[in-house]
file entry_11.pdb (PDB, C-alpha atoms)
ATOM      1  CA  MET A 280      -5.284 -16.658   0.939
ATOM      2  CA  ASP A 281      -8.610 -16.449   2.827
ATOM      3  CA  ASN A 282      -8.323 -20.094   3.935
ATOM      4  CA  LYS A 283      -4.702 -19.761   5.030
ATOM      5  CA  MET A 284      -4.128 -19.978   8.783
ATOM      6  CA  LEU A 285      -1.624 -17.314   9.767
ATOM      7  CA  TYR A 286       1.343 -18.898  11.507
ATOM      8  CA  HIS A 287       1.529 -16.757  14.657
ATOM      9  CA  ILE A 288      -2.039 -15.579  15.351
ATOM     10  CA  GLY A 289      -3.343 -19.077  14.581
ATOM     11  CA  PHE A 290      -6.439 -18.282  12.516
ATOM     12  CA  SER A 291      -7.427 -17.364   8.970
ATOM     13  CA  LYS A 292      -9.670 -14.775   7.356
ATOM     14  CA  GLU A 293     -12.263 -17.494   6.841
ATOM     15  CA  ASP A 294     -12.436 -18.006  10.625
ATOM     16  CA  LEU A 295     -13.810 -14.459  10.976
ATOM     17  CA  GLY A 296     -16.977 -15.346   9.102
ATOM     18  CA  LYS A 297     -18.805 -14.070   6.044
ATOM     19  CA  PHE A 298     -18.842 -10.514   7.401
ATOM     20  CA  PRO A 299     -15.459 -10.131   9.150
ATOM     21  CA  PRO A 300     -14.736  -7.336  11.609
ATOM     22  CA  GLU A 301     -12.693  -4.329  10.519
ATOM     23  CA  ILE A 302     -11.633  -3.251  14.008
ATOM     24  CA  ALA A 303      -9.453  -4.864  16.676
ATOM     25  CA  LEU A 304      -8.671  -3.975  20.268
ATOM     26  CA  LEU A 305      -5.033  -4.910  20.815
ATOM     27  CA  SER A 306      -3.602  -5.564  24.284
ATOM     28  CA  GLY A 307      -0.096  -6.584  25.235
ATOM     29  CA  ASP A 308      -1.352  -8.839  28.035
ATOM     30  CA  PRO A 309      -3.283 -11.957  26.937
ATOM     31  CA  GLN A 310      -5.315 -11.824  30.153
ATOM     32  CA  ARG A 311      -6.433  -8.287  29.266
ATOM     33  CA  ALA A 312      -7.591  -9.463  25.837
ATOM     34  CA  ASN A 313      -9.504 -12.270  27.566
ATOM     35  CA  PHE A 314     -11.014  -9.892  30.126
ATOM     36  CA  ILE A 315     -12.174  -7.439  27.444
ATOM     37  CA  ALA A 316     -13.765 -10.207  25.395
ATOM     38  CA  HIS A 317     -15.631 -11.867  28.234
ATOM     39  CA  THR A 318     -16.611  -8.674  30.067
ATOM     40  CA  TYR A 319     -17.585  -6.267  27.306
ATOM     41  CA  LEU A 320     -18.346  -8.367  24.216
ATOM     42  CA  GLN A 321     -21.284 -10.590  23.358
ATOM     43  CA  ASP A 322     -21.373 -14.018  21.682
ATOM     44  CA  VAL A 323     -17.635 -14.398  22.213
ATOM     45  CA  ARG A 324     -15.726 -17.104  20.382
ATOM     46  CA  ILE A 325     -12.078 -18.047  20.923
ATOM     47  CA  LEU A 326     -10.181 -17.858  17.642
ATOM     48  CA  SER A 327      -6.795 -18.957  18.933
ATOM     49  CA  GLU A 328      -4.560 -19.072  21.980
ATOM     50  CA  ASN A 329      -1.517 -19.962  19.887
ATOM     51  CA  ARG A 330       1.855 -18.938  21.397
ATOM     52  CA  GLY A 331       0.014 -17.024  24.132
ATOM     53  CA  LEU A 332      -1.360 -14.670  21.461
ATOM     54  CA  HIS A 333      -4.987 -14.932  22.496
ATOM     55  CA  SER A 334      -7.617 -13.745  20.017
ATOM     56  CA  TYR A 335     -11.369 -13.547  20.550
ATOM     57  CA  LEU A 336     -14.187 -12.684  18.167
ATOM     58  CA  GLY A 337     -17.323 -11.043  19.504
ATOM     59  CA  TYR A 338     -19.846  -8.249  19.189
ATOM     60  CA  LEU A 339     -20.207  -4.866  20.824
ATOM     61  CA  PRO A 340     -23.622  -4.097  22.362
ATOM     62  CA  ASN A 341     -24.609  -2.188  19.186
ATOM     63  CA  GLY A 342     -23.976  -5.303  17.079
ATOM     64  CA  LYS A 343     -20.614  -4.282  15.628
ATOM     65  CA  LYS A 344     -18.294  -7.251  15.126
ATOM     66  CA  ILE A 345     -14.908  -6.804  16.790
ATOM     67  CA  LEU A 346     -11.709  -8.630  17.628
ATOM     68  CA  SER A 347      -9.980  -8.601  21.021
ATOM     69  CA  ALA A 348      -6.399  -9.746  20.477
ATOM     70  CA  THR A 349      -2.984  -9.923  22.104
ATOM     71  CA  SER A 350       0.117  -8.250  20.668
ATOM     72  CA  GLY A 351       2.621  -9.593  23.182
ATOM     73  CA  MET A 352       5.236  -7.384  24.807
ATOM     74  CA  GLY A 353       7.257  -4.938  22.746
ATOM     75  CA  ALA A 354       7.540  -3.780  19.171
ATOM     76  CA  PRO A 355       8.893  -6.965  17.516
ATOM     77  CA  SER A 356       6.002  -9.090  18.785
ATOM     78  CA  LEU A 357       3.441  -6.426  17.908
ATOM     79  CA  SER A 358       4.849  -6.122  14.383
ATOM     80  CA  ILE A 359       4.190  -9.820  13.720
ATOM     81  CA  VAL A 360       0.666  -9.761  15.108
ATOM     82  CA  VAL A 361      -0.339  -6.549  13.331
ATOM     83  CA  ASN A 362       1.054  -7.755  10.002
ATOM     84  CA  GLU A 363      -1.062 -10.901  10.258
ATOM     85  CA  LEU A 364      -4.162  -9.051  11.477
ATOM     86  CA  VAL A 365      -3.963  -6.813   8.417
ATOM     87  CA  GLN A 366      -3.653  -9.933   6.260
ATOM     88  CA  VAL A 367      -6.990 -11.227   7.618
ATOM     89  CA  GLY A 368      -8.721  -7.913   6.944
ATOM     90  CA  ILE A 369      -8.382  -5.745  10.059
ATOM     91  CA  ARG A 370      -8.325  -2.051   9.051
ATOM     92  CA  GLN A 371      -8.654  -0.280  12.412
ATOM     93  CA  ILE A 372      -6.647  -0.993  15.558
ATOM     94  CA  ILE A 373      -6.910   0.547  19.013
ATOM     95  CA  ARG A 374      -4.034  -0.333  21.314
ATOM     96  CA  ILE A 375      -5.062  -0.635  24.973
ATOM     97  CA  GLY A 376      -1.874  -0.545  26.999
ATOM     98  CA  THR A 377      -0.214   0.561  30.213
ATOM     99  CA  CYS A 378       2.361   3.272  30.685
ATOM    100  CA  GLY A 379       4.400   5.342  33.087
ATOM    101  CA  SER A 380       3.776   9.077  33.320
ATOM    102  CA  ILE A 381       6.859  11.288  33.052
ATOM    103  CA  GLN A 382       4.973  14.545  33.672
ATOM    104  CA  PRO A 383       4.078  15.561  37.240
ATOM    105  CA  HIS A 384       0.537  16.656  36.353
ATOM    106  CA  ILE A 385      -0.441  13.269  34.840
ATOM    107  CA  SER A 386      -1.593  11.148  37.723
ATOM    108  CA  VAL A 387      -1.699   7.403  38.258
ATOM    109  CA  GLY A 388      -5.168   6.083  37.477
ATOM    110  CA  SER A 389      -5.692   8.409  34.527
ATOM    111  CA  ILE A 390      -5.204   7.576  30.848
ATOM    112  CA  VAL A 391      -2.966   8.955  28.106
ATOM    113  CA  ILE A 392      -4.255   9.050  24.541
ATOM    114  CA  SER A 393      -1.330   9.245  22.130
ATOM    115  CA  LYS A 394      -1.433  11.687  19.235
ATOM    116  CA  GLY A 395       1.992  10.515  18.128
ATOM    117  CA  ALA A 396       5.121   8.789  19.348
ATOM    118  CA  SER A 397       8.797   9.472  19.654
ATOM    119  CA  CYS A 398       9.770   6.098  18.237
ATOM    120  CA  ARG A 399      13.060   4.851  19.724
ATOM    121  CA  GLN A 400      12.547   1.299  18.507
ATOM    122  CA  GLY A 401      15.082  -0.572  16.435
ATOM    123  CA  ALA A 402      12.489  -2.985  15.071
ATOM    124  CA  ALA A 403      10.422  -0.094  13.695
ATOM    125  CA  ASN A 404      13.339   0.855  11.437
ATOM    126  CA  ASP A 405      12.588  -2.330   9.484
ATOM    127  CA  ILE A 406       9.158  -0.874   8.684
ATOM    128  CA  ALA A 407      10.234   2.656   7.785
ATOM    129  CA  PRO A 408      13.263   4.928   8.264
ATOM    130  CA  VAL A 409      13.904   6.505  11.634
ATOM    131  CA  GLU A 410      12.643   9.891  10.380
ATOM    132  CA  TYR A 411       9.291   8.441   9.218
ATOM    133  CA  PRO A 412       6.574   9.952  11.452
ATOM    134  CA  ALA A 413       4.837   7.739  13.989
ATOM    135  CA  ILE A 414       1.441   9.416  14.200
ATOM    136  CA  ALA A 415      -1.966   8.206  15.312
ATOM    137  CA  ASP A 416      -5.007   8.503  13.085
ATOM    138  CA  PRO A 417      -6.616  11.844  14.031
ATOM    139  CA  PHE A 418     -10.210  10.663  13.630
ATOM    140  CA  LEU A 419      -9.868   7.534  15.752
ATOM    141  CA  THR A 420      -7.862   9.534  18.281
ATOM    142  CA  VAL A 421     -10.631  12.142  18.528
ATOM    143  CA  ALA A 422     -13.091   9.280  19.058
ATOM    144  CA  LEU A 423     -11.011   8.169  22.060
ATOM    145  CA  VAL A 424     -10.909  11.715  23.454
ATOM    146  CA  LYS A 425     -14.682  12.116  23.042
ATOM    147  CA  ALA A 426     -15.217   8.763  24.721
ATOM    148  CA  ALA A 427     -13.109   9.750  27.722
ATOM    149  CA  GLN A 428     -14.952  13.070  27.963
ATOM    150  CA  GLU A 429     -18.370  11.411  27.849
ATOM    151  CA  LEU A 430     -17.319   8.831  30.432
ATOM    152  CA  LYS A 431     -15.781  11.578  32.614
ATOM    153  CA  ILE A 432     -12.452   9.748  32.761
ATOM    154  CA  GLU A 433      -9.350  11.788  33.553
ATOM    155  CA  HIS A 434      -7.391  11.820  30.312
ATOM    156  CA  TYR A 435      -4.472  13.522  28.603
ATOM    157  CA  LEU A 436      -3.741  13.849  24.885
ATOM    158  CA  GLY A 437      -0.064  14.051  24.043
ATOM    159  CA  ILE A 438       3.122  12.577  22.672
ATOM    160  CA  THR A 439       4.333   9.181  23.853
ATOM    161  CA  ALA A 440       7.878   7.830  24.099
ATOM    162  CA  SER A 441       7.899   4.324  22.617
ATOM    163  CA  VAL A 442      11.045   2.431  23.549
ATOM    164  CA  ASP A 443      12.262  -1.141  23.216
ATOM    165  CA  THR A 444      13.082  -1.982  26.837
ATOM    166  CA  PHE A 445      11.178  -1.725  30.106
ATOM    167  CA  TYR A 446      14.214  -1.205  32.334
ATOM    168  CA  GLU A 447      17.190   0.500  30.687
ATOM    169  CA  GLY A 448      15.181   2.174  27.927
ATOM    170  CA  GLN A 449      12.892   3.805  30.473
ATOM    171  CA  GLU A 450      15.825   4.851  32.686
ATOM    172  CA  ARG A 451      15.086   2.345  35.423
ATOM    173  CA  THR A 452      18.109   1.550  37.578
ATOM    174  CA  ASN A 453      16.307  -0.521  40.209
ATOM    175  CA  SER A 454      16.910  -3.722  38.257
ATOM    176  CA  ALA A 455      19.463  -6.430  37.525
ATOM    177  CA  ASN A 456      21.483  -3.744  35.732
ATOM    178  CA  PRO A 457      21.819  -0.501  37.713
ATOM    179  CA  TYR A 458      24.210   1.003  35.135
ATOM    180  CA  LEU A 459      22.841   2.858  32.136
ATOM    181  CA  ILE A 460      24.717   3.622  28.956
ATOM    182  CA  ARG A 461      25.513   7.324  28.739
ATOM    183  CA  SER A 462      22.903   8.113  26.100
ATOM    184  CA  LEU A 463      20.157   6.958  28.484
ATOM    185  CA  GLU A 464      21.338   8.840  31.563
ATOM    186  CA  ARG A 465      18.802  11.612  32.316
ATOM    187  CA  ILE A 466      16.788  10.676  29.224
ATOM    188  CA  THR A 467      13.539  10.976  31.193
ATOM    189  CA  GLU A 468      14.341  14.566  32.114
ATOM    190  CA  GLU A 469      15.095  15.307  28.461
ATOM    191  CA  TYR A 470      11.777  13.809  27.367
ATOM    192  CA  ARG A 471       9.960  15.750  30.068
ATOM    193  CA  ARG A 472      11.393  18.998  28.737
ATOM    194  CA  LEU A 473      10.267  17.976  25.238
ATOM    195  CA  ASN A 474       6.711  17.749  26.626
ATOM    196  CA  ILE A 475       6.502  13.991  26.136
ATOM    197  CA  PHE A 476       3.848  12.539  28.412
ATOM    198  CA  ASN A 477       4.599   8.862  28.983
ATOM    199  CA  TYR A 478       6.723   5.768  28.421
ATOM    200  CA  GLU A 479       5.457   2.595  26.768
ATOM    201  CA  MET A 480       6.748   0.000  24.301
ATOM    202  CA  GLU A 481       4.418  -0.522  21.334
ATOM    203  CA  SER A 482       2.632   2.564  19.986
ATOM    204  CA  GLY A 483       5.489   3.891  17.859
ATOM    205  CA  MET A 484       5.708   0.622  15.946
ATOM    206  CA  LEU A 485       1.919   0.489  15.576
ATOM    207  CA  PHE A 486       1.730   4.025  14.197
ATOM    208  CA  LYS A 487       4.547   3.488  11.710
ATOM    209  CA  MET A 488       2.941   0.282  10.487
ATOM    210  CA  ALA A 489      -0.389   2.081  10.095
ATOM    211  CA  GLY A 490       1.240   4.665   7.851
ATOM    212  CA  VAL A 491       3.075   2.132   5.715
ATOM    213  CA  TYR A 492       0.333  -0.536   5.579
ATOM    214  CA  ASN A 493      -2.461   2.024   5.176
ATOM    215  CA  PHE A 494      -4.687   1.150   8.110
ATOM    216  CA  VAL A 495      -6.077   3.256  10.972
ATOM    217  CA  ALA A 496      -4.479   3.144  14.438
ATOM    218  CA  ALA A 497      -4.799   4.861  17.796
ATOM    219  CA  ALA A 498      -3.634   4.144  21.338
ATOM    220  CA  VAL A 499      -4.903   4.648  24.861
ATOM    221  CA  CYS A 500      -2.729   3.718  27.837
ATOM    222  CA  ALA A 501      -3.519   3.368  31.518
ATOM    223  CA  VAL A 502      -1.122   5.287  33.742
ATOM    224  CA  ILE A 503       0.169   2.788  36.306
ATOM    225  CA  ALA A 504       3.426   4.494  37.336
ATOM    226  CA  GLN A 505       4.361   8.081  38.130
ATOM    227  CA  ARG A 506       7.986   8.321  37.061
ATOM    228  CA  THR A 507       8.571  11.765  38.551
ATOM    229  CA  MET A 508       8.175  10.094  41.950
ATOM    230  CA  SER A 509       9.162   6.439  41.622
ATOM    231  CA  GLU A 510      10.166   3.674  39.212
ATOM    232  CA  ASN A 511       7.545   1.370  40.701
ATOM    233  CA  ILE A 512       4.147   0.373  39.343
ATOM    234  CA  ILE A 513       1.359   1.493  41.714
ATOM    235  CA  LEU A 514      -0.607  -1.720  42.180
ATOM    236  CA  SER A 515      -3.387  -0.135  44.261
ATOM    237  CA  THR A 516      -4.706   1.852  41.284
ATOM    238  CA  LYS A 517      -3.549  -0.400  38.443
ATOM    239  CA  ASP A 518      -6.909  -2.120  37.871
ATOM    240  CA  LEU A 519      -8.791   1.193  37.954
ATOM    241  CA  ALA A 520      -6.456   2.723  35.380
ATOM    242  CA  ILE A 521      -6.634  -0.273  33.048
ATOM    243  CA  ASN A 522     -10.409  -0.388  33.264
ATOM    244  CA  ASN A 523     -10.547   3.328  32.415
ATOM    245  CA  ALA A 524      -8.488   2.654  29.289
ATOM    246  CA  ILE A 525     -10.662  -0.318  28.319
ATOM    247  CA  LEU A 526     -13.916   1.600  28.822
ATOM    248  CA  THR A 527     -12.591   4.446  26.695
ATOM    249  CA  ALA A 528     -11.574   2.126  23.872
ATOM    250  CA  ILE A 529     -14.868   0.186  23.950
ATOM    251  CA  HIS A 530     -16.888   3.418  23.857
ATOM    252  CA  ALA A 531     -14.795   4.793  20.990
ATOM    253  CA  ALA A 532     -14.984   1.558  18.997
ATOM    254  CA  THR A 533     -18.746   1.425  19.457
ATOM    255  CA  ASN A 534     -19.284   4.922  18.074
ATOM    256  CA  PHE A 535     -16.552   5.119  15.450
ATOM    257  CA  GLN A 536     -17.639   4.753  11.843
ATOM    258  CA  SER A 537     -15.186   3.931   9.091
ATOM    259  CA  ASP A 538     -16.768   6.593   6.854
ATOM    260  CA  GLN A 539     -15.385   9.193   9.278
ATOM    261  CA  ILE A 540     -11.942   8.531   7.786
ATOM    262  CA  LEU A 541     -10.878  10.891   5.023
ATOM    263  CA  THR A 542      -9.001   9.139   2.220
TER     264      THR A 542
END

call {"tool": "encode", "arguments": {"input": "entry_11.pdb", "output": "structure tokens"}}
result
Amino acid sequence: MDNKMLYHIGFSKEDLGKFPPEIALLSGDPQRANFIAHTYLQDVRILSENRGLHSYLGYLPNGKKILSATSGMGAPSLSIVVNELVQVGIRQIIRIGTCGSIQPHISVGSIVISKGASCRQGAANDIAPVEYPAIADPFLTVALVKAAQELKIEHYLGITASVDTFYEGQERTNSANPYLIRSLERITEEYRRLNIFNYEMESGMLFKMAGVYNFVAAAVCAVIAQRTMSENIILSTKDLAINNAILTAIHAATNFQSDQILT
């Protein structure tokens, strides 16, 4: 099993070395995984760029071995990557993503740290029933909050709406399809009243998989759209927001110890 190259991620457990990492930073965008590896990690080695699922092995400044990998867009792609990462020995995953705020007080440029997700994802029902809770690991989540506090990054801890589509599922009508099915009309307003903080497309699946597969997961997302004002991504602050999310995740991963987890 250790010598087996996993079909999608394109590497095996043996490729991670004698002392493999336990933690991975998981980004939807392959360029973000590349940027994290070559900006914040040391002694970086490319593991694979198979199918656009880029994976890099490196070290944090404190010497901790870590993986920077790509999940692809959406829950189905993430489910494949996470399954294979667990097969090669990854036990802790921090998702570094982007999101749209649906609360007026959560500004573009800030970050949202998810304590759980409202999981409206059909693919996640293959992992566990719809009523199965999609919750982040509390200890890794606290590590993200502490990191944001220490870095003085504007952050919010709350519930995330994880959905399968970027346009219809997030009630966007400025697209090729301006007509929503009735169940999605005014869904953003409903979520806002339920005190849900943001839209994104992967965390619910990640959290359900963590519960079923018995690994540790958390998520931090850069706020790049303010959905109470517009459907559009705010490009002028996008890089700042993403870097805030990356810095938070790097700081948390550096300081997090696996013995903090209660079993």

call {"tool": "closest_residue", "arguments": {"input": "entry_11.pdb", "among": "A:Gln428, A:Gln310, A:Ser347, A:Ser334", "to": "Thr527 (chain A)", "atoms": "all atoms listed in the file"}}
result
A:Gln428

call {"tool": "resolve_selection", "arguments": {"input": "entry_11.pdb", "expression": "the PyMOL selection byres ((chain A and resi 401-416) around 8)", "output": "mmCIF file with C-alpha atoms, in the frame of the given file"}}
result
data_model
loop_
_atom_site.group_PDB
_atom_site.id
_atom_site.type_symbol
_atom_site.label_atom_id
_atom_site.label_comp_id
_atom_site.auth_asym_id
_atom_site.auth_seq_id
_atom_site.Cartn_x
_atom_site.Cartn_y
_atom_site.Cartn_z
ATOM 1 C CA ALA A 354 7.540 -3.780 19.171
ATOM 2 C CA PRO A 355 8.893 -6.965 17.516
ATOM 3 C CA SER A 393 -1.330 9.245 22.130
ATOM 4 C CA LYS A 394 -1.433 11.687 19.235
ATOM 5 C CA GLY A 395 1.992 10.515 18.128
ATOM 6 C CA ALA A 396 5.121 8.789 19.348
ATOM 7 C CA SER A 397 8.797 9.472 19.654
ATOM 8 C CA CYS A 398 9.770 6.098 18.237
ATOM 9 C CA ARG A 399 13.060 4.851 19.724
ATOM 10 C CA GLN A 400 12.547 1.299 18.507
ATOM 11 C CA PRO A 417 -6.616 11.844 14.031
ATOM 12 C CA PHE A 418 -10.210 10.663 13.630
ATOM 13 C CA LEU A 419 -9.868 7.534 15.752
ATOM 14 C CA THR A 420 -7.862 9.534 18.281
ATOM 15 C CA ASP A 443 12.262 -1.141 23.216
ATOM 16 C CA GLY A 483 5.489 3.891 17.859
ATOM 17 C CA MET A 484 5.708 0.622 15.946
ATOM 18 C CA LEU A 485 1.919 0.489 15.576
ATOM 19 C CA PHE A 486 1.730 4.025 14.197
ATOM 20 C CA LYS A 487 4.547 3.488 11.710
ATOM 21 C CA MET A 488 2.941 0.282 10.487
ATOM 22 C CA GLY A 490 1.240 4.665 7.851
ATOM 23 C CA VAL A 491 3.075 2.132 5.715
ATOM 24 C CA VAL A 495 -6.077 3.256 10.972
ATOM 25 C CA ALA A 496 -4.479 3.144 14.438
ATOM 26 C CA ALA A 497 -4.799 4.861 17.796
ATOM 27 C CA ALA A 498 -3.634 4.144 21.338
#

call {"tool": "axis_aligned_box", "arguments": {"input": "entry_11.pdb", "around": "region 425-438 of chain A", "padding_each_side": "5 Å", "output": "JSON"}}
result
{"center_x": -7.6, "center_y": 11.4, "center_z": 28.1, "size_x": 31.5, "size_y": 15.3, "size_z": 20.9}

call {"tool": "residues_around", "arguments": {"input": "entry_11.pdb", "residues": "region 445-450 of chain A", "least_positions_apart": "5", "cutoff": "7 Å", "atoms": "only C-alpha atoms", "output": "NGL selection string"}}
result
:A and (459 or 463-464 or 466-467 or 478)

call {"tool": "write_last_selection", "arguments": {"input": "entry_11.pdb", "atoms": "C-alpha atoms", "output": "compact mmCIF listing (two decimals), in the coordinates of the input"}}
result
# COMPACT_ATOMS: atom_id res chain seq x y z
CA LEU A 459 22.84 2.86 32.14
CA LEU A 463 20.16 6.96 28.48
CA GLU A 464 21.34 8.84 31.56
CA ILE A 466 16.79 10.68 29.22
CA THR A 467 13.54 10.98 31.19
CA TYR A 478 6.72 5.77 28.42

call {"tool": "closest_residue", "arguments": {"input": "entry_11.pdb", "among": "A:Ala427, A:Leu339, A:Met480, A:Leu519", "to": "Leu357 (chain A)", "atoms": "all atoms listed in the file"}}
result
A:Met480

call {"tool": "resolve_selection", "arguments": {"input": "entry_11.pdb", "expression": "the PyMOL selection byres ((chain A and resi 376) around 8)", "output": "VMD selection string"}}
result
chain A and resid 306 to 307 374 to 375 377 to 378 479 498 to 501 521 524

call {"tool": "closest_residue", "arguments": {"input": "entry_11.pdb", "among": "A:Ile325, A:Ile385, A:Leu514, A:Leu526", "to": "Asn474 (chain A)", "atoms": "all atoms listed in the file"}}
result
A:Ile385

call {"tool": "closest_residue", "arguments": {"input": "entry_11.pdb", "among": "A:Glu301, A:Asp322, A:Glu468, A:Glu481", "to": "Ser350 (chain A)", "atoms": "only C-alpha atoms"}}
result
A:Glu481

call {"tool": "residues_around", "arguments": {"input": "entry_11.pdb", "residues": "Lys297 (chain A)", "least_positions_apart": "3", "cutoff": "12 Å", "atoms": "only C-alpha atoms", "output": "compact mmCIF listing (two decimals) with C-alpha atoms, in the frame of the given file"}}
result
# COMPACT_ATOMS: atom_id res chain seq x y z
CA ASP A 281 -8.61 -16.45 2.83
CA LYS A 292 -9.67 -14.78 7.36
CA GLU A 293 -12.26 -17.49 6.84
CA ASP A 294 -12.44 -18.01 10.62
CA PRO A 300 -14.74 -7.34 11.61
CA LYS A 344 -18.29 -7.25 15.13
CA GLY A 368 -8.72 -7.91 6.94

call {"tool": "atom_distance", "arguments": {"input": "entry_11.pdb", "atom1": "CA of Asn453 (chain A)", "atom2": "CA of Val502 (chain A)"}}
result
19.5 Å

call {"tool": "atom_distance", "arguments": {"input": "entry_11.pdb", "atom1": "CA of Ile288 (chain A)", "atom2": "CA of Ile529 (chain A)"}}
result
22.1 Å

call {"tool": "closest_residue", "arguments": {"input": "entry_11.pdb", "among": "A:Lys517, A:Gly289, A:Tyr338, A:Leu346", "to": "Asn313 (chain A)", "atoms": "all atoms listed in the file"}}
result
A:Leu346

call {"tool": "closest_residue", "arguments": {"input": "entry_11.pdb", "among": "A:Lys283, A:Thr533, A:Thr444, A:Asp518", "to": "Arg311 (chain A)", "atoms": "only C-alpha atoms"}}
result
A:Asp518

call {"tool": "residues_around", "arguments": {"input": "entry_11.pdb", "residues": "Gly342 (chain A)", "least_positions_apart": "5", "cutoff": "10 Å", "atoms": "all atoms listed in the file", "output": "list of chain:residue names"}}
result
A:Leu320, A:Gln321, A:Gly337, A:Thr533

call {"tool": "residues_around", "arguments": {"input": "entry_11.pdb", "residues": "Asn534 (chain A)", "least_positions_apart": "2", "cutoff": "12 Å", "atoms": "only C-alpha atoms", "output": "list in words"}}
result
Ile302, Leu339, Pro340, Asn341, Gly342, Lys343, Phe418, Leu419, Val421, Ala422, Leu423, Lys425, Ala426, Glu429, Thr527, Ala528, Ile529, His530, Ala531, Ala532, Gln536, Ser537, Asp538 and Gln539 of chain A

call {"tool": "residues_around", "arguments": {"input": "entry_11.pdb", "residues": "Thr516 (chain A)", "least_positions_apart": "5", "cutoff": "9 Å", "atoms": "only C-alpha atoms", "output": "list of chain:residue names"}}
result
A:Val387, A:Gly388, A:Ile503, A:Ile521

call {"tool": "write_last_selection", "arguments": {"input": "entry_11.pdb", "atoms": "C-alpha atoms", "output": "mmCIF file, in the frame of the given file"}}
result
data_model
loop_
_atom_site.group_PDB
_atom_site.id
_atom_site.type_symbol
_atom_site.label_atom_id
_atom_site.label_comp_id
_atom_site.auth_asym_id
_atom_site.auth_seq_id
_atom_site.Cartn_x
_atom_site.Cartn_y
_atom_site.Cartn_z
ATOM 1 C CA VAL A 387 -1.699 7.403 38.258
ATOM 2 C CA GLY A 388 -5.168 6.083 37.477
ATOM 3 C CA ILE A 503 0.169 2.788 36.306
ATOM 4 C CA ILE A 521 -6.634 -0.273 33.048
#

call {"tool": "atom_distance", "arguments": {"input": "entry_11.pdb", "atom1": "CA of Phe290 (chain A)", "atom2": "CA of Ala303 (chain A)"}}
result
14.4 Å

call {"tool": "build_atoms", "arguments": {"input": "entry_11.pdb", "residues": "region 478-489 of chain A", "atoms": "N, CA and C atoms", "output": "PDB file, keeping the file's coordinate frame"}}
result
ATOM      1  N   TYR A 478       5.930   6.867  28.970  1.00  0.00           N
ATOM      2  CA  TYR A 478       6.723   5.768  28.421  1.00  0.00           C
ATOM      3  C   TYR A 478       5.815   4.567  28.141  1.00  0.00           C
ATOM      4  N   GLU A 479       6.018   3.916  27.025  1.00  0.00           N
ATOM      5  CA  GLU A 479       5.457   2.595  26.768  1.00  0.00           C
ATOM      6  C   GLU A 479       6.291   1.943  25.671  1.00  0.00           C
ATOM      7  N   MET A 480       5.840   0.789  25.123  1.00  0.00           N
ATOM      8  CA  MET A 480       6.748   0.000  24.301  1.00  0.00           C
ATOM      9  C   MET A 480       6.200  -0.441  22.940  1.00  0.00           C
ATOM     10  N   GLU A 481       5.005   0.008  22.567  1.00  0.00           N
ATOM     11  CA  GLU A 481       4.418  -0.522  21.334  1.00  0.00           C
ATOM     12  C   GLU A 481       3.853   0.510  20.364  1.00  0.00           C
ATOM     13  N   SER A 482       3.407   1.650  20.833  1.00  0.00           N
ATOM     14  CA  SER A 482       2.632   2.564  19.986  1.00  0.00           C
ATOM     15  C   SER A 482       3.421   3.097  18.796  1.00  0.00           C
ATOM     16  N   GLY A 483       4.692   3.375  18.967  1.00  0.00           N
ATOM     17  CA  GLY A 483       5.489   3.891  17.859  1.00  0.00           C
ATOM     18  C   GLY A 483       5.515   2.921  16.692  1.00  0.00           C
ATOM     19  N   MET A 484       5.739   1.650  16.982  1.00  0.00           N
ATOM     20  CA  MET A 484       5.708   0.622  15.946  1.00  0.00           C
ATOM     21  C   MET A 484       4.332   0.553  15.296  1.00  0.00           C
ATOM     22  N   LEU A 485       3.275   0.561  16.101  1.00  0.00           N
ATOM     23  CA  LEU A 485       1.919   0.489  15.576  1.00  0.00           C
ATOM     24  C   LEU A 485       1.635   1.649  14.630  1.00  0.00           C
ATOM     25  N   PHE A 486       2.020   2.854  15.020  1.00  0.00           N
ATOM     26  CA  PHE A 486       1.730   4.025  14.197  1.00  0.00           C
ATOM     27  C   PHE A 486       2.520   4.019  12.891  1.00  0.00           C
ATOM     28  N   LYS A 487       3.772   3.581  12.952  1.00  0.00           N
ATOM     29  CA  LYS A 487       4.547   3.488  11.710  1.00  0.00           C
ATOM     30  C   LYS A 487       3.949   2.448  10.770  1.00  0.00           C
ATOM     31  N   MET A 488       3.550   1.315  11.315  1.00  0.00           N
ATOM     32  CA  MET A 488       2.941   0.282  10.487  1.00  0.00           C
ATOM     33  C   MET A 488       1.642   0.781   9.867  1.00  0.00           C
ATOM     34  N   ALA A 489       0.863   1.548  10.627  1.00  0.00           N
ATOM     35  CA  ALA A 489      -0.389   2.081  10.095  1.00  0.00           C
ATOM     36  C   ALA A 489      -0.127   2.973   8.889  1.00  0.00           C
TER      37      ALA A 489
END
